[in-house]
file protein_1.cif (mmCIF, C-alpha atoms)
data_coords
#
loop_
_atom_site.label_atom_id
_atom_site.label_comp_id
_atom_site.auth_asym_id
_atom_site.auth_seq_id
_atom_site.Cartn_x
_atom_site.Cartn_y
_atom_site.Cartn_z
CA MET A 279 8.54 -32.80 -26.19
CA VAL A 280 10.00 -30.08 -23.98
CA SER A 281 7.61 -29.02 -21.24
CA ARG A 282 6.58 -25.43 -20.71
CA VAL A 283 8.21 -23.31 -18.00
CA ARG A 284 5.98 -21.75 -15.36
CA VAL A 285 7.39 -18.48 -13.96
CA TRP A 286 5.97 -16.38 -11.09
CA LEU A 287 6.69 -12.69 -10.47
CA ASN A 288 5.36 -11.32 -7.19
CA ARG A 289 4.42 -7.68 -6.58
CA THR A 290 6.93 -6.38 -9.07
CA TYR A 291 7.41 -3.09 -10.90
CA ALA A 292 5.08 -2.17 -13.74
CA GLU A 293 8.03 -1.99 -16.15
CA ASN A 294 8.50 -5.74 -15.77
CA VAL A 295 5.73 -6.29 -18.31
CA PHE A 296 8.66 -6.14 -20.75
CA PHE A 297 10.55 -8.78 -18.73
CA MET A 298 7.51 -11.00 -19.21
CA ASP A 299 7.33 -10.24 -22.94
CA GLN A 300 10.96 -11.28 -23.38
CA LEU A 301 10.42 -14.57 -21.56
CA ARG A 302 7.70 -15.47 -24.04
CA ARG A 303 9.85 -14.43 -27.02
CA ASN A 304 12.78 -16.55 -25.89
CA PRO A 305 15.34 -17.74 -28.48
CA SER A 306 14.87 -21.37 -27.37
CA ASP A 307 11.28 -21.16 -28.59
CA ARG A 308 10.18 -22.80 -25.35
CA ALA A 309 6.66 -22.30 -24.06
CA VAL A 310 6.53 -20.02 -21.01
CA GLU A 311 3.51 -19.39 -18.82
CA ILE A 312 3.66 -16.49 -16.40
CA HIS A 313 1.84 -16.11 -13.11
CA ALA A 314 1.81 -12.64 -11.53
CA THR A 315 0.53 -11.40 -8.20
CA HIS A 316 0.20 -7.88 -6.88
CA GLY A 317 -1.57 -5.86 -4.21
CA ASP A 318 -2.92 -3.40 -6.79
CA PRO A 319 -5.57 -4.83 -9.15
CA ASP A 320 -4.65 -2.11 -11.65
CA SER A 321 -1.03 -3.16 -11.95
CA PRO A 322 -0.30 -3.83 -15.64
CA VAL A 323 1.72 -6.94 -14.75
CA LEU A 324 -1.56 -8.67 -13.86
CA ALA A 325 -2.97 -8.04 -17.32
CA ALA A 326 0.30 -9.12 -18.96
CA ALA A 327 0.36 -12.47 -17.14
CA ASP A 328 -1.24 -15.73 -18.21
CA THR A 329 -2.75 -16.09 -14.74
CA ALA A 330 -3.04 -13.39 -12.13
CA GLY A 331 -3.87 -13.01 -8.47
CA LEU A 332 -4.30 -10.36 -5.81
CA GLU A 333 -1.93 -10.73 -2.90
CA PRO A 334 -3.18 -10.65 0.69
CA GLU A 335 -2.30 -7.48 2.55
CA GLY A 336 -0.69 -7.22 5.96
CA LEU A 337 1.14 -10.53 6.02
CA SER A 338 4.31 -10.75 8.09
CA PRO A 339 7.42 -11.92 6.20
CA ALA A 340 7.00 -15.41 7.72
CA ALA A 341 3.33 -15.56 6.75
CA TYR A 342 4.20 -14.35 3.26
CA VAL A 343 6.67 -17.22 2.87
CA GLU A 344 3.86 -19.68 3.69
CA TYR A 345 1.63 -17.95 1.15
CA ALA A 346 4.40 -18.13 -1.46
CA LEU A 347 5.06 -21.82 -0.85
CA THR A 348 1.36 -22.54 -1.24
CA GLN A 349 1.30 -20.61 -4.54
CA CYS A 350 4.31 -22.53 -5.88
CA GLU A 351 2.92 -25.93 -4.94
CA ARG A 352 -0.60 -25.20 -6.14
CA ARG A 353 0.41 -23.65 -9.45
CA GLY A 354 3.40 -25.80 -10.31
CA ILE A 355 5.83 -22.88 -10.40
CA ASP A 356 9.20 -23.78 -11.90
CA VAL A 357 10.95 -20.44 -11.35
CA PHE A 358 9.97 -17.80 -8.77
CA VAL A 359 11.33 -14.25 -9.18
CA PRO A 360 10.70 -12.69 -5.75
CA ARG A 361 10.79 -8.96 -5.14
CA LEU A 362 8.50 -8.43 -2.14
CA HIS A 363 9.95 -10.07 1.02
CA GLN A 364 12.94 -11.30 -0.94
CA SER A 365 15.14 -11.77 2.13
CA ALA A 366 12.56 -13.91 3.94
CA ILE A 367 11.91 -16.00 0.85
CA VAL A 368 15.54 -16.80 0.03
CA ALA A 369 16.09 -17.96 3.63
CA HIS A 370 13.68 -20.83 2.80
CA ARG A 371 15.26 -21.81 -0.52
CA ALA A 372 15.40 -25.51 0.44
CA GLU A 373 11.65 -25.58 1.05
CA PHE A 374 10.95 -24.03 -2.34
CA GLU A 375 13.32 -26.49 -4.00
CA ALA A 376 11.47 -29.34 -2.26
CA ALA A 377 8.28 -27.97 -3.85
CA GLY A 378 9.98 -28.08 -7.27
CA THR A 379 10.55 -24.32 -7.49
CA ALA A 380 13.88 -22.63 -8.24
CA LEU A 381 14.38 -19.15 -6.79
CA LEU A 382 15.78 -16.59 -9.21
CA ALA A 383 17.45 -14.62 -6.43
CA PRO A 384 20.76 -14.51 -4.54
CA PRO A 385 21.44 -16.52 -1.36
CA PRO A 386 20.36 -14.98 1.97
CA GLU A 387 23.89 -13.93 2.92
CA ALA A 388 24.21 -11.76 -0.19
CA VAL A 389 20.74 -10.24 0.19
CA ALA A 390 21.48 -9.36 3.83
CA VAL A 391 24.61 -7.39 2.92
CA PHE A 392 22.76 -5.11 0.53
CA GLU A 393 19.52 -4.56 2.47
CA ASP A 394 21.24 -1.85 4.51
CA LYS A 395 23.18 0.73 2.50
CA VAL A 396 25.60 1.42 5.33
CA VAL A 397 26.49 -2.27 5.65
CA ALA A 398 26.75 -2.44 1.86
CA TYR A 399 29.14 0.52 1.62
CA GLN A 400 31.35 -0.89 4.37
CA ALA A 401 31.40 -4.29 2.68
CA VAL A 402 32.25 -3.13 -0.83
CA GLU A 403 34.84 -0.69 0.47
CA SER A 404 36.59 -3.64 2.14
CA ILE A 405 37.14 -5.26 -1.27
CA GLY A 406 38.52 -2.10 -2.84
CA VAL A 407 35.44 -0.68 -4.60
CA PRO A 408 35.30 3.11 -4.10
CA VAL A 409 32.28 4.58 -2.33
CA PRO A 410 31.37 8.21 -1.63
CA PRO A 411 31.92 9.69 1.84
CA TRP A 412 28.86 8.94 3.94
CA TRP A 413 27.35 9.45 7.39
CA ARG A 414 24.62 7.48 9.09
CA VAL A 415 22.22 10.00 10.63
CA ARG A 416 19.45 9.48 13.18
CA ASP A 417 18.74 12.98 14.54
CA ALA A 418 19.07 16.69 13.81
CA ASP A 419 22.50 17.15 15.40
CA GLU A 420 24.01 14.28 13.41
CA LEU A 421 22.48 15.64 10.20
CA LEU A 422 23.90 19.11 10.77
CA THR A 423 27.36 17.69 11.48
CA ALA A 424 27.28 15.63 8.27
CA VAL A 425 26.03 18.51 6.12
CA GLU A 426 28.64 20.93 7.46
CA GLU A 427 31.44 18.45 6.84
CA LEU A 428 30.28 17.77 3.28
CA GLU A 429 30.01 21.48 2.58
CA ARG A 430 33.50 22.00 4.01
CA LEU A 431 34.72 19.43 1.45
CA GLY A 432 32.99 21.36 -1.33
CA HIS A 433 30.02 19.01 -1.81
CA ARG A 434 26.27 19.46 -1.85
CA ALA A 435 24.64 17.17 0.73
CA CYS A 436 21.77 14.79 0.08
CA PHE A 437 20.12 12.03 2.07
CA LYS A 438 18.10 8.87 1.54
CA PRO A 439 16.84 6.04 3.74
CA ALA A 440 19.54 3.61 4.84
CA ALA A 441 17.19 0.83 3.73
CA GLY A 442 14.95 1.20 0.71
CA ALA A 443 14.65 0.76 -3.02
CA GLY A 444 14.78 3.12 -5.94
CA GLY A 445 14.74 6.86 -5.33
CA VAL A 446 12.12 6.74 -2.57
CA GLY A 447 13.01 9.26 0.15
CA PHE A 448 15.91 10.85 -1.73
CA ARG A 449 16.31 14.60 -1.08
CA GLU A 450 18.95 17.23 -1.77
CA ILE A 451 19.68 19.75 0.97
CA THR A 452 19.83 23.47 0.24
CA ARG A 453 20.67 26.44 2.45
CA GLU A 454 18.20 28.64 0.59
CA PRO A 455 15.11 29.54 2.67
CA PHE A 456 11.77 28.21 1.52
CA SER A 457 10.19 30.76 -0.80
CA LEU A 458 7.61 31.17 -3.54
CA SER A 459 10.22 30.18 -6.12
CA GLN A 460 10.03 26.61 -4.83
CA LEU A 461 6.29 26.53 -5.53
CA LYS A 462 6.74 27.29 -9.21
CA GLY A 463 7.05 24.64 -11.86
CA PHE A 464 7.30 20.96 -10.98
CA PRO A 465 8.05 19.69 -7.46
CA SER A 466 11.76 19.52 -6.71
CA PRO A 467 13.85 17.13 -4.57
CA HIS A 468 15.49 20.16 -2.91
CA VAL A 469 14.59 20.78 0.75
CA PRO A 470 15.83 23.67 2.93
CA LEU A 471 18.14 22.53 5.71
CA ASP A 472 16.31 24.54 8.39
CA LEU A 473 13.00 22.82 7.61
CA VAL A 474 14.59 19.36 7.75
CA LEU A 475 16.28 20.14 11.07
CA GLU A 476 13.03 21.47 12.51
CA SER A 477 11.15 18.36 11.39
CA LEU A 478 13.75 16.09 12.96
CA ARG A 479 13.63 17.95 16.28
CA ARG A 480 9.86 17.62 16.38
CA ALA A 481 9.86 13.97 15.34
CA GLU A 482 8.87 11.43 17.98
CA GLU A 483 11.11 8.71 16.52
CA PRO A 484 14.64 8.78 15.12
CA VAL A 485 15.23 8.48 11.39
CA ASP A 486 17.74 6.20 9.73
CA TRP A 487 19.30 8.14 6.85
CA LEU A 488 22.42 7.90 4.78
CA VAL A 489 23.88 11.38 4.15
CA MET A 490 26.36 11.73 1.32
CA PRO A 491 27.47 14.13 -1.42
CA ARG A 492 25.27 14.66 -4.43
CA LEU A 493 26.86 12.50 -7.13
CA GLU A 494 27.09 13.64 -10.71
CA GLN A 495 26.18 12.10 -14.06
CA PRO A 496 26.61 9.90 -15.92
CA GLU A 497 24.84 7.22 -13.96
CA VAL A 498 25.77 3.72 -15.07
CA SER A 499 23.66 0.71 -14.08
CA VAL A 500 25.49 -2.54 -14.68
CA ASP A 501 23.12 -5.48 -15.16
CA CYS A 502 24.81 -8.69 -14.02
CA LEU A 503 23.98 -12.37 -14.40
CA THR A 504 26.02 -14.51 -12.01
CA GLY A 505 25.99 -18.28 -11.61
CA PRO A 506 25.80 -20.26 -8.37
CA ASP A 507 29.55 -20.83 -8.81
CA ASN A 508 30.05 -17.06 -8.23
CA ARG A 509 31.22 -16.62 -11.82
CA LEU A 510 29.79 -13.81 -13.92
CA ARG A 511 27.96 -14.88 -17.08
CA LEU A 512 27.01 -11.38 -18.31
CA ALA A 513 27.68 -7.73 -17.42
CA ILE A 514 26.50 -4.79 -19.52
CA GLY A 515 26.32 -1.18 -18.39
CA ARG A 516 23.35 1.05 -19.18
CA THR A 517 24.33 4.73 -19.17
CA LYS A 518 22.06 7.63 -18.23
CA HIS A 519 22.85 11.28 -18.79
CA GLY A 520 19.74 13.41 -18.69
CA ARG A 521 17.29 11.95 -21.18
CA ARG A 522 20.02 10.23 -23.19
CA ARG A 523 20.56 6.52 -22.55
CA GLY A 524 23.15 4.20 -23.97
CA PHE A 525 25.30 1.13 -23.29
CA THR A 526 28.89 0.55 -22.25
CA LEU A 527 31.37 -2.30 -21.79
CA HIS A 528 34.08 -0.04 -20.38
CA GLU A 529 36.03 -1.71 -17.58
CA ARG A 530 35.89 1.36 -15.34
CA TRP A 531 32.26 0.34 -14.73
CA LEU A 532 32.32 -3.41 -15.34
CA GLU A 533 35.39 -4.24 -13.25
CA PRO A 534 33.99 -2.98 -9.90
CA ALA A 535 30.58 -4.46 -10.73
CA ARG A 536 32.22 -7.83 -11.43
CA ARG A 537 34.14 -7.60 -8.16
CA ILE A 538 30.90 -7.02 -6.23
CA ALA A 539 28.76 -9.60 -8.03
CA GLU A 540 31.34 -12.38 -7.81
CA GLY A 541 32.80 -11.38 -4.45
CA PHE A 542 29.46 -11.37 -2.63
CA GLY A 543 27.78 -14.18 -4.55
CA LEU A 544 25.01 -12.10 -6.13
CA HIS A 545 23.65 -15.15 -7.92
CA HIS A 546 21.25 -14.74 -10.81
CA LEU A 547 20.22 -11.15 -11.65
CA SER A 548 21.54 -8.06 -9.92
CA ASN A 549 21.94 -4.41 -10.80
CA ILE A 550 24.93 -2.37 -9.59
CA GLN A 551 24.77 1.42 -9.96
CA PHE A 552 27.58 3.96 -10.15
CA ARG A 553 27.84 7.73 -10.43
CA MET A 554 30.69 10.20 -10.55
CA LEU A 555 32.38 11.83 -7.57
CA GLY A 556 34.70 14.32 -9.21
CA ASP A 557 36.53 12.42 -11.93
CA ARG A 558 36.04 8.87 -10.64
CA PRO A 559 33.11 6.44 -10.52
CA VAL A 560 31.86 5.46 -7.07
CA LEU A 561 29.21 2.99 -6.01
CA MET A 562 25.72 4.42 -5.61
CA ASP A 563 23.56 1.36 -4.97
CA VAL A 564 23.28 -2.42 -5.38
CA ASN A 565 19.98 -4.11 -6.18
CA THR A 566 19.73 -7.87 -5.55
CA ARG A 567 16.91 -8.18 -8.09
CA PRO A 568 16.36 -7.60 -11.81
CA ALA A 569 16.36 -3.90 -12.68
CA GLY A 570 13.21 -2.43 -14.15
CA GLY A 571 15.18 -1.39 -17.23
CA LEU A 572 16.75 -4.81 -17.81
CA HIS A 573 14.67 -5.35 -20.93
CA GLN A 574 16.47 -2.46 -22.62
CA LEU A 575 19.44 -4.78 -23.17
CA ALA A 576 17.40 -6.28 -26.01
CA LEU A 577 18.76 -3.31 -28.00
CA CYS A 578 22.15 -5.07 -27.70
CA GLY A 579 20.80 -8.34 -29.11
CA VAL A 580 20.54 -10.27 -25.82
CA ASN A 581 17.53 -11.72 -23.97
CA VAL A 582 18.74 -11.56 -20.37
CA PRO A 583 15.49 -12.60 -18.63
CA TRP A 584 15.51 -15.89 -20.55
CA ALA A 585 19.21 -16.49 -19.86
CA ALA A 586 18.48 -15.99 -16.15
CA VAL A 587 15.58 -18.47 -16.19
CA ARG A 588 17.79 -21.02 -17.94
CA LEU A 589 20.46 -20.57 -15.30
CA ALA A 590 17.90 -20.95 -12.49
CA LEU A 591 16.75 -24.23 -14.03
CA GLY A 592 20.32 -25.57 -14.17
CA ASP A 593 20.72 -25.03 -17.91
CA ASP A 594 23.87 -22.90 -17.84
CA PRO A 595 23.89 -20.47 -20.80
CA GLY A 596 27.65 -19.91 -20.43
CA GLU A 597 29.30 -16.52 -20.79
CA ILE A 598 27.14 -14.12 -22.76
CA GLY A 599 28.54 -11.14 -24.63
CA PRO A 600 26.35 -8.72 -26.58
CA PRO A 601 26.83 -9.14 -30.34
CA PHE A 602 26.70 -5.33 -30.59
CA LEU A 603 25.92 -2.27 -28.48
CA GLY A 604 22.66 -0.57 -29.36
CA GLN A 605 22.48 3.07 -30.36
CA ASP A 606 21.65 5.80 -27.85
CA TYR A 607 17.98 6.07 -26.99
CA THR A 608 15.47 7.65 -24.62
CA VAL A 609 12.51 6.25 -22.72
CA VAL A 610 8.91 7.29 -23.37
CA SER A 611 5.69 6.04 -21.83
CA ALA A 612 3.19 3.88 -23.71
CA PRO A 613 -0.25 2.48 -22.89
CA ARG A 614 -0.62 -1.03 -21.50
CA PRO A 615 -3.89 -2.92 -20.92
CA LEU A 616 -5.40 -3.44 -17.47
CA LEU A 617 -7.69 -6.18 -16.25
CA PRO A 618 -11.45 -5.57 -16.60
CA VAL A 619 -13.02 -3.32 -13.97
CA THR A 620 -15.15 -6.26 -12.81
CA VAL A 621 -12.16 -7.31 -10.72
CA PRO A 622 -12.91 -5.79 -7.28
CA ARG A 623 -10.36 -4.21 -5.05
CA GLN A 624 -9.47 -6.20 -1.95
CA ARG A 625 -11.70 -5.60 1.03
CA ALA A 626 -10.82 -6.01 4.66
CA ASP A 627 -13.30 -8.90 4.92
CA SER A 628 -12.06 -10.70 1.79
CA PRO A 629 -10.49 -14.13 2.25
CA THR A 630 -6.70 -13.92 2.48
CA VAL A 631 -5.68 -17.57 2.57
CA THR A 632 -4.29 -17.49 -0.95
CA GLY A 633 -4.87 -13.87 -1.88
CA THR A 634 -5.61 -14.80 -5.50
CA LEU A 635 -8.45 -13.53 -7.62
CA ASP A 636 -10.13 -16.91 -7.56
CA ALA A 637 -10.26 -16.72 -3.75
CA LEU A 638 -12.47 -13.63 -3.79
CA PRO A 639 -16.20 -13.83 -3.04
CA ALA A 640 -18.44 -15.67 -5.47
CA GLN A 641 -19.83 -12.46 -6.95
CA ALA A 642 -16.34 -11.49 -8.09
CA THR A 643 -15.19 -12.35 -11.59
CA PRO A 644 -11.86 -14.21 -11.32
CA VAL A 645 -9.41 -13.64 -14.13
CA GLU A 646 -7.23 -16.66 -14.73
CA PRO A 647 -6.52 -17.37 -18.40
CA ARG A 648 -4.55 -14.73 -20.27
CA ALA A 649 -7.25 -14.67 -22.95
CA ALA A 650 -9.60 -13.16 -20.40
CA ALA A 651 -7.05 -10.54 -19.46
CA THR A 652 -6.34 -9.47 -23.02
CA GLY A 653 -9.99 -9.59 -23.96
CA ALA A 654 -10.42 -6.24 -22.28
CA LEU A 655 -8.67 -4.65 -25.24
CA GLN A 656 -11.27 -5.67 -27.74
#

call {"tool": "encode", "arguments": {"input": "protein_1.cif", "output": "structure tokens"}}
result
Amino acid sequence: MVSRVRVWLNRTYAENVFFMDQLRRNPSDRAVEIHATHGDPDSPVLAAADTAGLEPEGLSPAAYVEYALTQCERRGIDVFVPRLHQSAIVAHRAEFEAAGTALLAPPPEAVAVFEDKVVAYQAVESIGVPVPPWWRVRDADELLTAVEELERLGHRACFKPAAGAGGVGFREITREPFSLSQLKGFPSPHVPLDLVLESLRRAEEPVDWLVMPRLEQPEVSVDCLTGPDNRLRLAIGRTKHGRRRGFTLHERWLEPARRIAEGFGLHHLSNIQFRMLGDRPVLMDVNTRPAGGLHQLALCGVNVPWAAVRLALGDDPGEIGPPFLGQDYTVVSAPRPLLPVTVPRQRADSPTVTGTLDALPAQATPVEPRAAATGALQ
């Protein structure tokens, strides 16, 4: 009898409830149990898991690695999908393997390249992948120089943190003065240049921003599955143009993504994003983790989360091509259950040795079996 697979996702995005659903509905019909931890007791991933735990707050990366090793040993984790403190965790891969846990994440050298967007752009440019013009900015004078040069080239300037995930901190720069028009409707990413410069001159510490031209649509996110032999097993592009989403296998997107994934050893799941600069695609970002929208590839007839778990366990799925490309679609929100409100929020005086719900004070109601989590729906 084939044993069940125990998978742990730590402090991940809410959208990964669908990643978890796909693991359970795997085409191998193998039993999968999912453990999830998070710092927010109202994260839907906790309710979607078979067992759930609150993570301790304020741990250093090194302390978090110790916490993670304890979780893997105590819970018999077969595959760990780390998001929080990924770089620190993958540096201790041998210790996790000794505990019987495979890490579904790239090696530390690959993670290090893509933690800093400036280092990443320099690296991918060296292998012939086009990137937009960029400036690293730390103060007001450097920002003004970068903006003026971009405007001279006919571009609109934007900036984002040199290190960070998603769209956090992304802003577009405008020369228009702040006015009442910017207080109408929904909040906008546009910020007047004079206000940004003034804020930088008053700041007590330097910033670390990447300034670049505003790139145009479509945006194409290529989801990649790469083996430990640096050979790509799967690459499918997800296109975004306004609300419309779709899929592509066009080589103008897949070829540079393949070059990055294989060239830098982005083992297991990665997501490589492109946008347009004029009439050519350029790299926007590289994520060394599963994308939140990875589950959407199910519309192409593939279960990528399960293929990745198989690969992590040494069961190579081989090259995977979608049997078809799904029709265009859009994304809408839907309700998901949460754990019962009897689960207390973490307190400063709560035990933080394991950070799990069953380590909370005796008056707390721990939620372990998935039946307890889903019971809140009834």

call {"tool": "resolve_selection", "arguments": {"input": "protein_1.cif", "expression": "the PyMOL selection byres ((chain A and resi 502-517) around 7)", "output": "mmCIF file with C-alpha atoms, keeping the file's coordinate frame"}}
result
data_model
loop_
_atom_site.group_PDB
_atom_site.id
_atom_site.type_symbol
_atom_site.label_atom_id
_atom_site.label_comp_id
_atom_site.auth_asym_id
_atom_site.auth_seq_id
_atom_site.Cartn_x
_atom_site.Cartn_y
_atom_site.Cartn_z
ATOM 1 C CA PRO A 496 26.610 9.900 -15.920
ATOM 2 C CA GLU A 497 24.840 7.220 -13.960
ATOM 3 C CA VAL A 498 25.770 3.720 -15.070
ATOM 4 C CA SER A 499 23.660 0.710 -14.080
ATOM 5 C CA VAL A 500 25.490 -2.540 -14.680
ATOM 6 C CA ASP A 501 23.120 -5.480 -15.160
ATOM 7 C CA LYS A 518 22.060 7.630 -18.230
ATOM 8 C CA HIS A 519 22.850 11.280 -18.790
ATOM 9 C CA ARG A 523 20.560 6.520 -22.550
ATOM 10 C CA GLY A 524 23.150 4.200 -23.970
ATOM 11 C CA PHE A 525 25.300 1.130 -23.290
ATOM 12 C CA THR A 526 28.890 0.550 -22.250
ATOM 13 C CA LEU A 527 31.370 -2.300 -21.790
ATOM 14 C CA LEU A 532 32.320 -3.410 -15.340
ATOM 15 C CA ARG A 536 32.220 -7.830 -11.430
ATOM 16 C CA ALA A 539 28.760 -9.600 -8.030
ATOM 17 C CA GLU A 540 31.340 -12.380 -7.810
ATOM 18 C CA GLY A 543 27.780 -14.180 -4.550
ATOM 19 C CA LEU A 544 25.010 -12.100 -6.130
ATOM 20 C CA HIS A 545 23.650 -15.150 -7.920
ATOM 21 C CA HIS A 546 21.250 -14.740 -10.810
ATOM 22 C CA LEU A 547 20.220 -11.150 -11.650
ATOM 23 C CA SER A 548 21.540 -8.060 -9.920
ATOM 24 C CA ASN A 549 21.940 -4.410 -10.800
ATOM 25 C CA ALA A 586 18.480 -15.990 -16.150
ATOM 26 C CA GLY A 596 27.650 -19.910 -20.430
ATOM 27 C CA GLU A 597 29.300 -16.520 -20.790
ATOM 28 C CA ILE A 598 27.140 -14.120 -22.760
ATOM 29 C CA GLY A 599 28.540 -11.140 -24.630
#

call {"tool": "resolve_selection", "arguments": {"input": "protein_1.cif", "expression": "the PyMOL selection byres ((chain A and resi 486) around 6)", "output": "PDB file with C-alpha atoms, in the frame of the given file"}}
result
ATOM      1  CA  VAL A 415      22.220  10.000  10.630  1.00  0.00           C
ATOM      2  CA  ARG A 416      19.450   9.480  13.180  1.00  0.00           C
ATOM      3  CA  ALA A 440      19.540   3.610   4.840  1.00  0.00           C
ATOM      4  CA  VAL A 485      15.230   8.480  11.390  1.00  0.00           C
ATOM      5  CA  TRP A 487      19.300   8.140   6.850  1.00  0.00           C
TER       6      TRP A 487
END

call {"tool": "resolve_selection", "arguments": {"input": "protein_1.cif", "expression": "the PyMOL selection byres ((chain A and resi 430-438) around 9)", "output": "ChimeraX atom specification"}}
result
/A:424-429,439-442,445-452,468,486-493

call {"tool": "closest_residue", "arguments": {"input": "protein_1.cif", "among": "A:Ala325, A:Val389, A:Val285, A:Ala377", "to": "Thr348 (chain A)", "atoms": "only C-alpha atoms"}}
result
A:Ala377

call {"tool": "atom_distance", "arguments": {"input": "protein_1.cif", "atom1": "CA of Thr379 (chain A)", "atom2": "CA of Gln300 (chain A)"}}
result
20.6 Å

call {"tool": "closest_residue", "arguments": {"input": "protein_1.cif", "among": "A:Arg521, A:Arg414, A:Arg588, A:Arg567", "to": "Pro360 (chain A)", "atoms": "all atoms listed in the file"}}
result
A:Arg567

call {"tool": "closest_residue", "arguments": {"input": "protein_1.cif", "among": "A:Phe456, A:Phe358, A:Trp412, A:Phe392", "to": "Ala380 (chain A)", "atoms": "all atoms listed in the file"}}
result
A:Phe358

call {"tool": "atom_distance", "arguments": {"input": "protein_1.cif", "atom1": "CA of Pro384 (chain A)", "atom2": "CA of Ser365 (chain A)"}}
result
9.1 Å

call {"tool": "closest_residue", "arguments": {"input": "protein_1.cif", "among": "A:Pro455, A:Gln574, A:Gln400, A:Pro410", "to": "Val474 (chain A)", "atoms": "all atoms listed in the file"}}
result
A:Pro455

call {"tool": "closest_residue", "arguments": {"input": "protein_1.cif", "among": "A:Pro334, A:Pro319, A:Gly354, A:Pro600", "to": "Arg282 (chain A)", "atoms": "only C-alpha atoms"}}
result
A:Gly354

call {"tool": "atom_distance", "arguments": {"input": "protein_1.cif", "atom1": "CA of Asn565 (chain A)", "atom2": "CA of Ile405 (chain A)"}}
result
17.9 Å

call {"tool": "build_atoms", "arguments": {"input": "protein_1.cif", "residues": "region 606-610 of chain A", "atoms": "all heavy atoms", "output": "CSV table (one decimal), in the frame of the given file"}}
result
chain,number,residue,atom,x,y,z
A,606,ASP,N,22.2,5.0,-28.9
A,606,ASP,CA,21.6,5.8,-27.8
A,606,ASP,C,20.2,5.9,-28.0
A,606,ASP,O,19.6,6.0,-29.2
A,606,ASP,CB,22.3,7.2,-27.8
A,606,ASP,CG,23.7,7.1,-27.2
A,606,ASP,OD1,24.2,6.0,-26.9
A,606,ASP,OD2,24.3,8.2,-27.1
A,607,TYR,N,19.4,6.1,-26.9
A,607,TYR,CA,18.0,6.1,-27.0
A,607,TYR,C,17.4,6.9,-25.8
A,607,TYR,O,18.2,7.4,-25.0
A,607,TYR,CB,17.4,4.6,-26.9
A,607,TYR,CG,17.8,3.9,-25.6
A,607,TYR,CD1,16.8,3.7,-24.6
A,607,TYR,CD2,19.1,3.4,-25.4
A,607,TYR,CE1,17.1,3.1,-23.4
A,607,TYR,CE2,19.4,2.8,-24.2
A,607,TYR,CZ,18.4,2.6,-23.2
A,607,TYR,OH,18.7,2.0,-22.0
A,608,THR,N,16.1,7.1,-25.8
A,608,THR,CA,15.5,7.6,-24.6
A,608,THR,C,14.3,6.8,-24.3
A,608,THR,O,13.9,5.9,-25.1
A,608,THR,CB,15.1,9.1,-24.9
A,608,THR,OG1,14.7,9.7,-23.6
A,608,THR,CG2,13.9,9.2,-25.9
A,609,VAL,N,13.6,7.1,-23.2
A,609,VAL,CA,12.5,6.2,-22.7
A,609,VAL,C,11.3,7.1,-22.7
A,609,VAL,O,11.3,8.2,-22.2
A,609,VAL,CB,12.8,5.7,-21.3
A,609,VAL,CG1,11.6,5.0,-20.8
A,609,VAL,CG2,14.0,4.8,-21.3
A,610,VAL,N,10.2,6.6,-23.3
A,610,VAL,CA,8.9,7.3,-23.4
A,610,VAL,C,7.8,6.3,-22.9
A,610,VAL,O,8.0,5.1,-22.9
A,610,VAL,CB,8.6,7.8,-24.8
A,610,VAL,CG1,9.5,8.9,-25.3
A,610,VAL,CG2,8.5,6.6,-25.8
